[in-house]
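To be precise, the following lines are input_33.txt, and they hold compact mmCIF, C-alpha atoms and all ligand atoms.
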```
# COMPACT_ATOMS: atom_id res chain seq x y z
CA MET Y 1 9.47 96.04 5.37
CA ARG Y 2 10.89 93.09 3.45
CA ALA Y 3 13.58 91.10 5.28
CA VAL Y 4 15.35 87.77 4.88
CA THR Y 5 14.24 85.21 7.46
CA VAL Y 6 15.40 81.67 8.25
CA PRO Y 7 12.20 79.64 8.87
CA SER Y 8 14.28 76.55 9.72
CA PRO Y 9 18.07 75.98 9.81
CA GLY Y 10 19.54 74.57 6.62
CA GLY Y 11 21.08 75.32 3.24
CA PRO Y 12 20.77 78.52 1.20
CA GLU Y 13 17.30 77.45 -0.02
CA THR Y 14 15.90 78.01 3.48
CA LEU Y 15 16.43 81.78 3.19
CA THR Y 16 13.05 83.45 2.69
CA LEU Y 17 12.03 87.03 1.93
CA ALA Y 18 9.19 87.91 4.28
CA GLU Y 19 7.25 90.98 5.47
CA LEU Y 20 8.27 92.04 8.98
CA PRO Y 21 7.23 95.05 11.08
CA ASP Y 22 9.31 98.19 10.51
CA PRO Y 23 11.96 98.65 13.24
CA VAL Y 24 11.61 101.59 15.64
CA ALA Y 25 14.53 103.68 16.93
CA GLY Y 26 14.83 103.57 20.73
CA PRO Y 27 16.96 106.02 22.72
CA GLY Y 28 20.46 106.24 21.26
CA GLU Y 29 19.43 104.38 18.11
CA VAL Y 30 18.96 105.21 14.43
CA VAL Y 31 16.84 103.50 11.77
CA LEU Y 32 18.44 103.26 8.32
CA ASP Y 33 16.78 102.65 4.96
CA VAL Y 34 19.19 99.96 3.77
CA VAL Y 35 20.73 100.38 0.32
CA ALA Y 36 23.14 97.44 0.56
CA THR Y 37 24.35 94.79 2.95
CA ALA Y 38 26.98 92.07 2.51
CA VAL Y 39 27.43 88.37 3.23
CA ASN Y 40 29.66 87.26 6.09
CA ARG Y 41 30.73 83.72 7.03
CA ALA Y 42 28.92 84.17 10.35
CA ASP Y 43 25.67 84.51 8.35
CA LEU Y 44 26.24 81.03 6.88
CA LEU Y 45 26.67 79.59 10.37
CA GLN Y 46 23.59 81.43 11.64
CA ARG Y 47 21.56 80.12 8.67
CA GLN Y 48 22.63 76.59 9.63
CA GLY Y 49 21.55 77.13 13.24
CA PHE Y 50 25.07 77.25 14.74
CA TYR Y 51 25.52 80.93 15.56
CA PRO Y 52 22.50 82.48 17.30
CA PRO Y 53 22.36 86.28 17.49
CA PRO Y 54 23.55 87.82 20.76
CA PRO Y 55 20.81 88.67 23.30
CA GLY Y 56 18.69 91.60 22.15
CA ALA Y 57 19.91 91.47 18.52
CA SER Y 58 17.60 90.98 15.54
CA ASP Y 59 16.97 87.41 14.29
CA VAL Y 60 17.37 88.74 10.76
CA LEU Y 61 20.82 87.98 9.28
CA GLY Y 62 23.21 90.77 8.33
CA LEU Y 63 26.15 92.24 10.22
CA GLU Y 64 26.70 95.37 8.15
CA CYS Y 65 24.95 97.74 5.79
CA SER Y 66 24.89 101.13 4.14
CA GLY Y 67 21.91 103.40 3.68
CA THR Y 68 20.22 106.65 4.60
CA VAL Y 69 18.94 107.71 8.00
CA ARG Y 70 15.14 107.23 8.13
CA SER Y 71 14.54 108.18 11.78
CA VAL Y 72 16.54 109.11 14.85
CA GLY Y 73 15.74 108.11 18.45
CA ALA Y 74 16.09 110.25 21.55
CA ASP Y 75 19.57 111.25 22.72
CA VAL Y 76 21.21 110.80 19.32
CA GLU Y 77 23.64 113.53 18.31
CA GLY Y 78 25.34 114.00 14.97
CA TRP Y 79 22.88 112.13 12.72
CA SER Y 80 19.84 113.58 10.92
CA VAL Y 81 17.14 112.14 8.67
CA GLY Y 82 18.51 111.75 5.12
CA ASP Y 83 22.19 111.41 6.12
CA GLU Y 84 24.15 108.67 4.36
CA ALA Y 85 25.94 106.18 6.60
CA CYS Y 86 27.32 102.69 6.83
CA ALA Y 87 26.93 100.63 9.98
CA LEU Y 88 28.34 97.71 11.93
CA LEU Y 89 25.38 95.60 13.10
CA ALA Y 90 24.78 92.78 15.56
CA GLY Y 91 22.12 91.58 13.06
CA GLY Y 92 19.26 92.78 10.89
CA GLY Y 93 21.12 93.99 7.80
CA TYR Y 94 19.39 91.70 5.25
CA ALA Y 95 16.32 93.96 5.24
CA GLU Y 96 14.92 97.15 3.79
CA GLN Y 97 15.26 98.86 7.18
CA VAL Y 98 17.48 98.23 10.18
CA VAL Y 99 17.90 99.76 13.63
CA ALA Y 100 21.41 100.32 14.99
CA PRO Y 101 23.06 102.03 17.97
CA ALA Y 102 24.12 105.48 16.74
CA GLY Y 103 27.72 104.80 17.80
CA GLN Y 104 27.95 101.96 15.29
CA LEU Y 105 27.18 104.23 12.35
CA MET Y 106 30.11 105.54 10.34
CA ARG Y 107 30.26 108.22 7.71
CA VAL Y 108 30.62 106.94 4.13
CA PRO Y 109 34.20 107.55 2.96
CA ASP Y 110 34.38 110.24 0.25
CA GLY Y 111 34.45 108.71 -3.22
CA VAL Y 112 32.88 105.39 -2.23
CA PRO Y 113 29.42 104.80 -3.73
CA LEU Y 114 26.80 104.44 -1.00
CA ALA Y 115 25.97 100.84 -1.98
CA VAL Y 116 29.63 99.74 -2.01
CA ALA Y 117 30.03 101.19 1.50
CA GLY Y 118 27.75 98.37 2.68
CA ALA Y 119 30.69 96.00 2.20
CA LEU Y 120 33.11 98.00 4.35
CA PRO Y 121 32.11 97.93 8.05
CA GLU Y 122 32.91 94.26 8.86
CA VAL Y 123 36.24 94.12 7.05
CA ALA Y 124 37.42 97.52 8.22
CA CYS Y 125 36.39 97.04 11.86
CA THR Y 126 37.63 93.43 12.06
CA VAL Y 127 41.00 94.14 10.48
CA TRP Y 128 41.63 97.39 12.35
CA SER Y 129 40.59 96.02 15.74
CA ASN Y 130 42.57 92.79 15.43
CA VAL Y 131 45.66 93.61 13.40
CA PHE Y 132 46.25 97.12 14.71
CA MET Y 133 44.43 97.66 18.04
CA LEU Y 134 45.12 94.19 19.51
CA ALA Y 135 48.14 92.80 17.66
CA HIS Y 136 49.79 96.23 17.23
CA LEU Y 137 51.26 95.64 13.77
CA GLN Y 138 54.04 98.19 13.19
CA PRO Y 139 55.51 99.64 9.99
CA GLY Y 140 58.26 97.35 8.69
CA GLU Y 141 56.85 94.31 10.50
CA LYS Y 142 55.70 91.19 8.62
CA LEU Y 143 52.01 90.29 8.52
CA LEU Y 144 50.80 86.88 7.33
CA VAL Y 145 47.19 87.03 6.09
CA HIS Y 146 45.50 83.67 5.63
CA GLY Y 147 42.81 83.67 2.95
CA GLY Y 148 44.19 86.85 1.39
CA ALA Y 149 41.70 86.90 -1.50
CA GLY Y 150 38.57 86.75 0.69
CA GLY Y 151 36.62 89.69 2.08
CA ILE Y 152 38.70 90.12 5.23
CA GLY Y 153 41.97 89.11 3.61
CA SER Y 154 41.74 91.43 0.62
CA PHE Y 155 41.18 94.38 2.96
CA ALA Y 156 43.89 93.31 5.43
CA ILE Y 157 46.55 93.06 2.72
CA GLN Y 158 45.83 96.56 1.42
CA LEU Y 159 45.57 98.24 4.81
CA ALA Y 160 48.72 96.67 6.22
CA ALA Y 161 50.70 97.43 3.06
CA ALA Y 162 49.42 101.02 3.06
CA LEU Y 163 50.64 101.42 6.64
CA GLY Y 164 54.13 100.17 5.81
CA ALA Y 165 54.02 96.49 6.78
CA ARG Y 166 55.47 93.67 4.69
CA VAL Y 167 52.57 91.42 3.77
CA PHE Y 168 52.56 87.67 3.08
CA ALA Y 169 49.30 85.97 2.14
CA THR Y 170 47.88 82.52 1.50
CA ALA Y 171 45.17 81.62 -1.02
CA GLY Y 172 43.82 78.56 -2.80
CA SER Y 173 44.18 79.22 -6.54
CA GLU Y 174 46.55 80.95 -8.94
CA GLU Y 175 43.94 83.62 -9.74
CA LYS Y 176 43.49 84.38 -6.03
CA LEU Y 177 47.25 84.40 -5.42
CA GLU Y 178 47.56 86.96 -8.21
CA LEU Y 179 44.86 89.09 -6.57
CA CYS Y 180 46.81 89.02 -3.29
CA ARG Y 181 49.95 90.20 -5.08
CA SER Y 182 48.05 92.95 -6.90
CA LEU Y 183 46.72 94.21 -3.55
CA GLY Y 184 50.21 94.57 -2.08
CA ALA Y 185 51.37 91.16 -0.81
CA GLU Y 186 55.11 90.71 -1.43
CA ARG Y 187 54.64 86.92 -1.33
CA ALA Y 188 51.44 84.99 -2.02
CA ILE Y 189 51.65 81.28 -1.22
CA SER Y 190 49.20 78.50 -2.04
CA TYR Y 191 47.87 77.00 1.17
CA ARG Y 192 47.67 73.73 -0.75
CA ASP Y 193 51.45 73.49 -1.28
CA GLU Y 194 53.89 71.64 0.95
CA ALA Y 195 57.62 72.18 1.26
CA ALA Y 196 59.99 69.28 0.51
CA SER Y 197 60.18 68.66 4.28
CA GLY Y 198 56.41 68.03 4.38
CA ILE Y 199 55.49 71.19 6.29
CA PRO Y 200 53.07 73.70 4.72
CA LEU Y 201 55.01 75.82 2.22
CA TRP Y 202 53.83 79.03 3.92
CA VAL Y 203 55.50 77.93 7.19
CA GLU Y 204 58.77 77.43 5.34
CA VAL Y 205 58.50 80.74 3.45
CA LEU Y 206 57.79 82.68 6.65
CA GLY Y 207 60.59 80.87 8.45
CA GLU Y 208 63.07 81.88 5.74
CA ALA Y 209 61.84 85.48 6.09
CA GLY Y 210 62.48 85.46 9.86
CA GLY Y 211 58.90 84.69 10.94
CA ALA Y 212 55.64 86.62 10.97
CA ASP Y 213 55.32 89.39 13.53
CA VAL Y 214 51.53 89.17 13.22
CA ILE Y 215 49.32 86.46 11.72
CA LEU Y 216 45.66 87.12 10.90
CA ASP Y 217 44.12 83.66 11.01
CA ASN Y 218 40.73 82.48 9.79
CA MET Y 219 41.36 78.74 10.24
CA GLY Y 220 41.60 78.26 14.01
CA ALA Y 221 42.38 74.73 15.20
CA LYS Y 222 43.85 73.33 11.97
CA TYR Y 223 46.47 76.08 11.76
CA LEU Y 224 47.25 76.57 15.47
CA ASP Y 225 50.44 74.54 15.43
CA PRO Y 226 51.81 75.70 12.04
CA ASN Y 227 50.89 79.30 12.86
CA VAL Y 228 52.94 79.18 16.06
CA ARG Y 229 55.80 77.70 14.03
CA ALA Y 230 55.52 80.54 11.52
CA LEU Y 231 55.64 83.29 14.19
CA ALA Y 232 58.70 85.47 14.71
CA THR Y 233 60.09 86.10 18.19
CA SER Y 234 57.51 88.26 20.00
CA GLY Y 235 54.98 87.39 17.27
CA ARG Y 236 51.24 87.80 17.75
CA LEU Y 237 48.72 85.31 16.37
CA ALA Y 238 45.27 86.89 16.00
CA ILE Y 239 42.61 84.23 15.45
CA ILE Y 240 39.31 85.50 14.04
CA GLY Y 241 37.81 82.37 12.47
CA MET Y 242 37.33 78.67 12.96
CA GLN Y 243 37.02 77.42 9.37
CA GLY Y 244 39.52 74.69 10.38
CA GLY Y 245 37.79 73.68 13.60
CA THR Y 246 37.57 74.84 17.19
CA ARG Y 247 39.80 72.52 19.22
CA GLY Y 248 43.53 72.40 18.64
CA GLU Y 249 46.66 71.57 20.61
CA LEU Y 250 48.93 74.46 21.54
CA ASP Y 251 52.66 73.76 21.91
CA ILE Y 252 53.28 75.95 24.95
CA ALA Y 253 57.04 75.34 24.82
CA ALA Y 254 57.16 76.66 21.25
CA LEU Y 255 55.07 79.71 22.23
CA LEU Y 256 57.21 80.41 25.31
CA ALA Y 257 60.41 80.14 23.30
CA LYS Y 258 59.05 82.75 20.91
CA ARG Y 259 57.61 84.93 23.68
CA GLY Y 260 54.51 84.74 21.49
CA ALA Y 261 50.90 85.74 22.03
CA VAL Y 262 47.67 84.11 20.90
CA ILE Y 263 44.72 86.48 20.67
CA ALA Y 264 41.16 85.57 19.65
CA THR Y 265 38.13 87.81 19.34
CA THR Y 266 34.73 87.99 17.76
CA LEU Y 267 33.43 91.41 16.87
CA ARG Y 268 29.72 90.66 17.00
CA ALA Y 269 29.48 89.87 20.71
CA ARG Y 270 31.48 92.89 21.88
CA PRO Y 271 29.54 95.54 23.85
CA SER Y 272 28.17 98.38 21.75
CA ALA Y 273 30.52 100.90 23.41
CA GLU Y 274 33.55 98.85 22.28
CA LYS Y 275 32.16 98.60 18.75
CA ALA Y 276 31.58 102.35 18.75
CA ALA Y 277 35.20 102.93 19.77
CA ILE Y 278 36.35 100.67 16.93
CA CYS Y 279 34.10 102.56 14.48
CA ARG Y 280 35.61 105.90 15.57
CA ALA Y 281 39.13 104.50 15.14
CA VAL Y 282 38.22 103.19 11.68
CA GLU Y 283 36.85 106.59 10.64
CA GLU Y 284 40.04 108.23 11.88
CA HIS Y 285 42.69 105.80 10.63
CA VAL Y 286 41.17 103.72 7.82
CA TRP Y 287 38.75 105.98 5.95
CA PRO Y 288 41.46 108.50 4.95
CA LEU Y 289 43.32 105.67 3.17
CA VAL Y 290 40.08 104.65 1.43
CA GLU Y 291 39.44 108.26 0.46
CA ILE Y 292 42.81 108.59 -1.32
CA GLY Y 293 42.24 105.25 -3.08
CA ARG Y 294 45.11 103.52 -1.27
CA VAL Y 295 42.69 100.93 0.16
CA ARG Y 296 39.79 99.85 -2.07
CA PRO Y 297 36.65 97.92 -1.22
CA ILE Y 298 36.96 94.65 -3.18
CA VAL Y 299 33.48 93.51 -4.24
CA GLY Y 300 33.64 90.23 -6.15
CA ALA Y 301 29.90 89.78 -6.65
CA GLU Y 302 26.81 91.94 -6.38
CA LEU Y 303 23.27 90.55 -6.21
CA SER Y 304 19.83 91.84 -5.27
CA LEU Y 305 18.42 90.88 -1.88
CA ASP Y 306 15.88 88.55 -3.50
CA ARG Y 307 18.84 86.49 -4.79
CA VAL Y 308 20.22 86.00 -1.27
CA ALA Y 309 20.18 82.19 -1.63
CA GLU Y 310 22.55 82.45 -4.62
CA ALA Y 311 24.80 84.76 -2.64
CA HIS Y 312 25.03 82.25 0.22
CA ALA Y 313 25.64 79.37 -2.21
CA LEU Y 314 28.50 81.38 -3.69
CA MET Y 315 30.18 81.84 -0.31
CA ASP Y 316 29.45 78.20 0.64
CA ALA Y 317 31.30 77.16 -2.55
CA GLY Y 318 34.24 79.46 -1.73
CA THR Y 319 34.74 80.47 -5.36
CA HIS Y 320 34.23 84.21 -4.77
CA THR Y 321 36.87 86.86 -4.19
CA GLY Y 322 36.46 89.87 -1.89
CA LYS Y 323 32.99 90.70 -0.61
CA ILE Y 324 29.58 89.55 -1.81
CA LEU Y 325 27.27 92.58 -1.84
CA LEU Y 326 23.47 92.39 -1.55
CA ARG Y 327 21.43 95.37 -2.76
CA THR Y 328 17.95 95.96 -1.40
N1 LIG Y 401 36.14 87.29 14.67
C1 LIG Y 401 35.53 88.23 14.00
O1 LIG Y 401 35.16 89.25 14.54
C2 LIG Y 401 35.31 88.06 12.52
C3 LIG Y 401 34.70 89.06 11.77
C4 LIG Y 401 34.54 88.86 10.38
C5 LIG Y 401 35.00 87.68 9.80
N2 LIG Y 401 35.56 86.73 10.60
C6 LIG Y 401 36.06 85.46 10.03
O2 LIG Y 401 37.08 85.77 9.11
C7 LIG Y 401 37.15 84.74 8.15
C8 LIG Y 401 37.14 85.36 6.76
O3 LIG Y 401 35.88 85.97 6.55
P1 LIG Y 401 35.50 86.54 5.13
O4 LIG Y 401 34.28 87.34 5.27
O5 LIG Y 401 36.69 87.13 4.50
O6 LIG Y 401 35.10 85.18 4.36
P2 LIG Y 401 35.48 84.74 2.90
O7 LIG Y 401 35.47 85.88 1.96
O8 LIG Y 401 34.59 83.57 2.59
O9 LIG Y 401 36.97 84.22 3.04
C9 LIG Y 401 37.27 82.94 3.52
C10 LIG Y 401 38.72 82.70 3.20
O10 LIG Y 401 39.12 81.44 3.74
C11 LIG Y 401 40.17 81.01 2.91
N3 LIG Y 401 40.53 79.62 3.13
C12 LIG Y 401 39.81 78.51 2.86
N4 LIG Y 401 40.53 77.40 3.17
C13 LIG Y 401 41.74 77.85 3.62
C14 LIG Y 401 42.91 77.21 4.07
N5 LIG Y 401 43.01 75.87 4.15
N6 LIG Y 401 43.96 77.97 4.45
C15 LIG Y 401 43.89 79.33 4.40
N7 LIG Y 401 42.80 79.99 3.98
C16 LIG Y 401 41.74 79.25 3.59
C17 LIG Y 401 39.64 81.27 1.53
O11 LIG Y 401 40.70 81.26 0.61
P3 LIG Y 401 40.48 80.88 -0.96
O12 LIG Y 401 39.26 81.64 -1.41
O13 LIG Y 401 41.73 81.33 -1.60
O14 LIG Y 401 40.26 79.40 -1.02
C18 LIG Y 401 39.02 82.64 1.71
O15 LIG Y 401 39.95 83.66 1.43
C19 LIG Y 401 35.96 83.82 8.39
O16 LIG Y 401 36.41 82.69 9.10
C20 LIG Y 401 35.06 84.67 9.24
O17 LIG Y 401 34.22 83.91 10.06
C21 LIG Y 401 35.72 86.91 11.91
```
Write-out of the structure in structure tokens:
Amino acid sequence: MRAVTVPSPGGPETLTLAELPDPVAGPGEVVLDVVATAVNRADLLQRQGFYPPPPGASDVLGLECSGTVRSVGADVEGWSVGDEACALLAGGGYAEQVVAPAGQLMRVPDGVPLAVAGALPEVACTVWSNVFMLAHLQPGEKLLVHGGAGGIGSFAIQLAAALGARVFATAGSEEKLELCRSLGAERAISYRDEAASGIPLWVEVLGEAGGADVILDNMGAKYLDPNVRALATSGRLAIIGMQGGTRGELDIAALLAKRGAVIATTLRARPSAEKAAICRAVEEHVWPLVEIGRVRPIVGAELSLDRVAEAHALMDAGTHTGKILLRT
């Protein structure tokens, strides 16, 4: 099969299409003929040599895909050759074939083209597991989504709004702020703007609204202090990214006063059984909203797998909106 390899860590130009042996389904596993995969920020880090795959995972990049079942290993129930599926992967998605634990396969939501479903697993599983399973966002509560026009953010806004939350979002340009509003954010705030007092404008806006009950944060260290300031009493800060660095200073007194919680997870390293449980919850709670068109996959760019370097350059530049899809 053809797959994207990283002969040596570096920029997008290092990505190389190579011939690799076809994967084989072991017990409990399924091999998919990949129709589409999508770019994630973790792929950029892995390409640069900073984010090695977890033990046992493929060296090939790619944390999600859609496709058809090519073969089924022993002890797999519910999947047959030819079935369409999308899958959450620990790696291997940038390829014509990939092997995955059967529990990490999900049915393709009705009405979503098979290729587009390749852009759903990471955003759906990340947003559901963090915002709803861990941070327990409730109807009527306020969610602040940082980077609301990106892949994760554009899904989080729609899902939270569909489930009755009030959504606030940050973004970096007027076009992206408008996208956030069109997806259901009641306020979209430029992360570049400061209030007259010198604090980030989004901290002031959330403060005036009574604070965020949940914050979905992609920035990490840089936003730790302002995020705690923007929390409501009993607010939950869910950190999923470190685009703003890994080491920050936490004002414990401020967190105590708010009876706040700081949560941080990465999906990729979680045991397969936990990922399977998240996939089942997504099929139950998220797919019905996708099927009625209330939550849409936002695909900002679509390229063929042999243009993977362009796709990475696009995400490196940060000019995209939504997901960047790669078709095999
Ligand atoms: N922990 C996990 O399990 C997990 C899983 C998946 C993804 N993630 C993380 O989630 C984050 C988003 O992933 P993605 O796939 O959605 O990537 P993406 O599409 O590239 O989105 C990145 C976002 O970061 C925003 N951003 C840049 N600078 C910012 C700033 N100063 N303040 C606020 N936002 C800023 C961008 O906003 P503009 O475009 O408006 O500039 C963009 O929306 C990444 O950090 C990724 O690593 C974590």
Requested in this report: Quick one: everything within 8 Å of stretch 30-40 of chain Y, counting only C-alpha atoms, minus sequence neighbours fewer than 6 positions away in the same chain. Send it as a VMD selection string.
Outcome: chain Y and resid 23 to 24 62 to 73 76 93 to 102 114 to 119 311 to 312 315 323 to 328
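Near Y:Val286, within a cut-off of 9 Å and counting only C-alpha atoms, sit the residues Ala124, Trp128, Leu159, Ala281, Glu291 and Val295 of chain Y, with same-chain residues fewer than 5 positions away left out.
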Report task. Quick one: everything within 7 Å of stretch 172-182 of chain Y, counting all atoms listed in the file, minus sequence neighbours fewer than 4 positions away in the same chain. Send it as a ChimeraX atom specification. Result -> /Y:148-149,154,186-192
Report task. Could you pull out the residues sitting within 7 Å of ligand LIG 401 (chain Y), using all atoms listed in the file, and write them as a PyMOL selection string? Result -> chain Y and resi 40-42+122-123+126+146-153+170-173+176+191+218-219+240-243+265-268+315+318-323
Query raised in the report: Using all atoms listed in the file, can you list as a PyMOL selection string the residues within 6 Å of (44.1, 73.7, 9.9)?
Result: chain Y and resi 219+221-223+244
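A straight line drawn from atom CA of Y:Ala232 to atom CA of Y:Lys258 is 6.8 Å long.
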**Report entry** Which residue of Y:Gly220, Y:Gly198, Y:Pro7, Y:Pro12 approaches Y:Leu314 most closely, using only C-alpha atoms
**Finding:**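 Of Y:Gly220, Y:Gly198, Y:Pro7, Y:Pro12, the one nearest Y:Leu314 is Y:Pro12, counting only C-alpha atoms.
When only C-alpha atoms are used to compute distances to Y:Asp43, the closest of the residues Y:Leu15, Y:Val262, Y:Ala230, Y:Ala156 turns out to be Y:Leu15.
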Query raised in the report: Which one is closest to Y:Leu143: Y:Val290, Y:Cys279, Y:Ile215, Y:Ala25? Count all atoms listed in the file.
Result: Y:Ile215
Report task. May I ask for the distance between atom CA of Y:Leu120 and atom CA of Y:Val81, given in Å to one decimal place? Result ->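 Here the two named atoms are 21.8 Å from each other.
Between Y:Leu183 and the residues Y:Ala135, Y:Val4, Y:Leu105, Y:Ile157, the shortest atom-to-atom distance, using all atoms listed in the file, involves Y:Ile157.
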Query raised in the report: atom CA of Y:Ala57 to atom CA of Y:Glu29: how many Å, to one decimal?
Result: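 For atom CA of Y:Ala57 relative to atom CA of Y:Glu29, the distance reads 12.9 Å.
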Query raised in the report: Smallest atom-to-atom distance to Y:Arg236: which of Y:Val308, Y:Ile263, Y:Val6, Y:Met133, using only C-alpha atoms?
Result: Y:Ile263
List as a PDB file with C-alpha atoms, keeping the file's coordinate frame: which residues have an atom within 12 Å of (50.2, 104.6, -3.6), counting all atoms listed in the file?
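Below is the file result-v6.pdb, written as the result:
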```pdb
ATOM      1  CA  GLN Y 158      45.830  96.560   1.420  1.00  0.00           C
ATOM      2  CA  LEU Y 159      45.570  98.240   4.810  1.00  0.00           C
ATOM      3  CA  ALA Y 161      50.700  97.430   3.060  1.00  0.00           C
ATOM      4  CA  ALA Y 162      49.420 101.020   3.060  1.00  0.00           C
ATOM      5  CA  LEU Y 163      50.640 101.420   6.640  1.00  0.00           C
ATOM      6  CA  GLY Y 164      54.130 100.170   5.810  1.00  0.00           C
ATOM      7  CA  LEU Y 183      46.720  94.210  -3.550  1.00  0.00           C
ATOM      8  CA  GLY Y 184      50.210  94.570  -2.080  1.00  0.00           C
ATOM      9  CA  LEU Y 289      43.320 105.670   3.170  1.00  0.00           C
ATOM     10  CA  VAL Y 290      40.080 104.650   1.430  1.00  0.00           C
ATOM     11  CA  ILE Y 292      42.810 108.590  -1.320  1.00  0.00           C
ATOM     12  CA  GLY Y 293      42.240 105.250  -3.080  1.00  0.00           C
ATOM     13  CA  ARG Y 294      45.110 103.520  -1.270  1.00  0.00           C
ATOM     14  CA  VAL Y 295      42.690 100.930   0.160  1.00  0.00           C
ATOM     15  CA  ARG Y 296      39.790  99.850  -2.070  1.00  0.00           C
TER      16      ARG Y 296
END
```
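Distance annotation: of Y:Gln138, Y:Ser129, Y:Ser197, Y:Thr14, the residue with the minimal separation from Y:Ala212 is Y:Gln138; atom set is all atoms listed in the file.
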I need stretch 301-312 of chain Y from the structure I supplied, saved as a PDB file, in the first residue's frame with N, CA, C and O atoms retained.
```pdb
ATOM      1  N   ALA Y 301     -10.718  22.617   3.607  1.00  0.00           N
ATOM      2  CA  ALA Y 301      -9.840  22.315   2.466  1.00  0.00           C
ATOM      3  C   ALA Y 301      -9.815  20.806   2.268  1.00  0.00           C
ATOM      4  O   ALA Y 301      -9.907  20.041   3.231  1.00  0.00           O
ATOM      5  N   GLU Y 302      -9.704  20.424   0.992  1.00  0.00           N
ATOM      6  CA  GLU Y 302      -9.697  19.002   0.656  1.00  0.00           C
ATOM      7  C   GLU Y 302      -8.601  18.769  -0.378  1.00  0.00           C
ATOM      8  O   GLU Y 302      -8.601  19.408  -1.431  1.00  0.00           O
ATOM      9  N   LEU Y 303      -7.659  17.896  -0.075  1.00  0.00           N
ATOM     10  CA  LEU Y 303      -6.545  17.630  -0.991  1.00  0.00           C
ATOM     11  C   LEU Y 303      -6.365  16.126  -1.121  1.00  0.00           C
ATOM     12  O   LEU Y 303      -6.800  15.358  -0.258  1.00  0.00           O
ATOM     13  N   SER Y 304      -5.664  15.709  -2.190  1.00  0.00           N
ATOM     14  CA  SER Y 304      -5.358  14.285  -2.318  1.00  0.00           C
ATOM     15  C   SER Y 304      -4.132  13.965  -1.455  1.00  0.00           C
ATOM     16  O   SER Y 304      -3.335  14.845  -1.125  1.00  0.00           O
ATOM     17  N   LEU Y 305      -3.998  12.683  -1.109  1.00  0.00           N
ATOM     18  CA  LEU Y 305      -2.928  12.275  -0.197  1.00  0.00           C
ATOM     19  C   LEU Y 305      -1.554  12.640  -0.749  1.00  0.00           C
ATOM     20  O   LEU Y 305      -0.632  12.942   0.013  1.00  0.00           O
ATOM     21  N   ASP Y 306      -1.408  12.656  -2.084  1.00  0.00           N
ATOM     22  CA  ASP Y 306      -0.079  13.001  -2.617  1.00  0.00           C
ATOM     23  C   ASP Y 306       0.223  14.502  -2.489  1.00  0.00           C
ATOM     24  O   ASP Y 306       1.338  14.936  -2.766  1.00  0.00           O
ATOM     25  N   ARG Y 307      -0.750  15.281  -2.011  1.00  0.00           N
ATOM     26  CA  ARG Y 307      -0.488  16.704  -1.730  1.00  0.00           C
ATOM     27  C   ARG Y 307      -0.426  16.963  -0.216  1.00  0.00           C
ATOM     28  O   ARG Y 307      -0.721  18.056   0.257  1.00  0.00           O
ATOM     29  N   VAL Y 308      -0.005  15.924   0.522  1.00  0.00           N
ATOM     30  CA  VAL Y 308       0.010  16.018   1.980  1.00  0.00           C
ATOM     31  C   VAL Y 308       0.914  17.149   2.477  1.00  0.00           C
ATOM     32  O   VAL Y 308       0.611  17.789   3.491  1.00  0.00           O
ATOM     33  N   ALA Y 309       2.014  17.419   1.757  1.00  0.00           N
ATOM     34  CA  ALA Y 309       2.915  18.500   2.203  1.00  0.00           C
ATOM     35  C   ALA Y 309       2.188  19.847   2.167  1.00  0.00           C
ATOM     36  O   ALA Y 309       2.336  20.670   3.075  1.00  0.00           O
ATOM     37  N   GLU Y 310       1.371  20.062   1.119  1.00  0.00           N
ATOM     38  CA  GLU Y 310       0.589  21.307   1.040  1.00  0.00           C
ATOM     39  C   GLU Y 310      -0.410  21.398   2.195  1.00  0.00           C
ATOM     40  O   GLU Y 310      -0.647  22.468   2.763  1.00  0.00           O
ATOM     41  N   ALA Y 311      -1.004  20.241   2.504  1.00  0.00           N
ATOM     42  CA  ALA Y 311      -1.986  20.230   3.595  1.00  0.00           C
ATOM     43  C   ALA Y 311      -1.324  20.608   4.920  1.00  0.00           C
ATOM     44  O   ALA Y 311      -1.880  21.385   5.711  1.00  0.00           O
ATOM     45  N   HIS Y 312      -0.122  20.081   5.161  1.00  0.00           N
ATOM     46  CA  HIS Y 312       0.578  20.426   6.408  1.00  0.00           C
ATOM     47  C   HIS Y 312       1.001  21.895   6.404  1.00  0.00           C
ATOM     48  O   HIS Y 312       0.929  22.575   7.435  1.00  0.00           O
TER      49      HIS Y 312
END
```
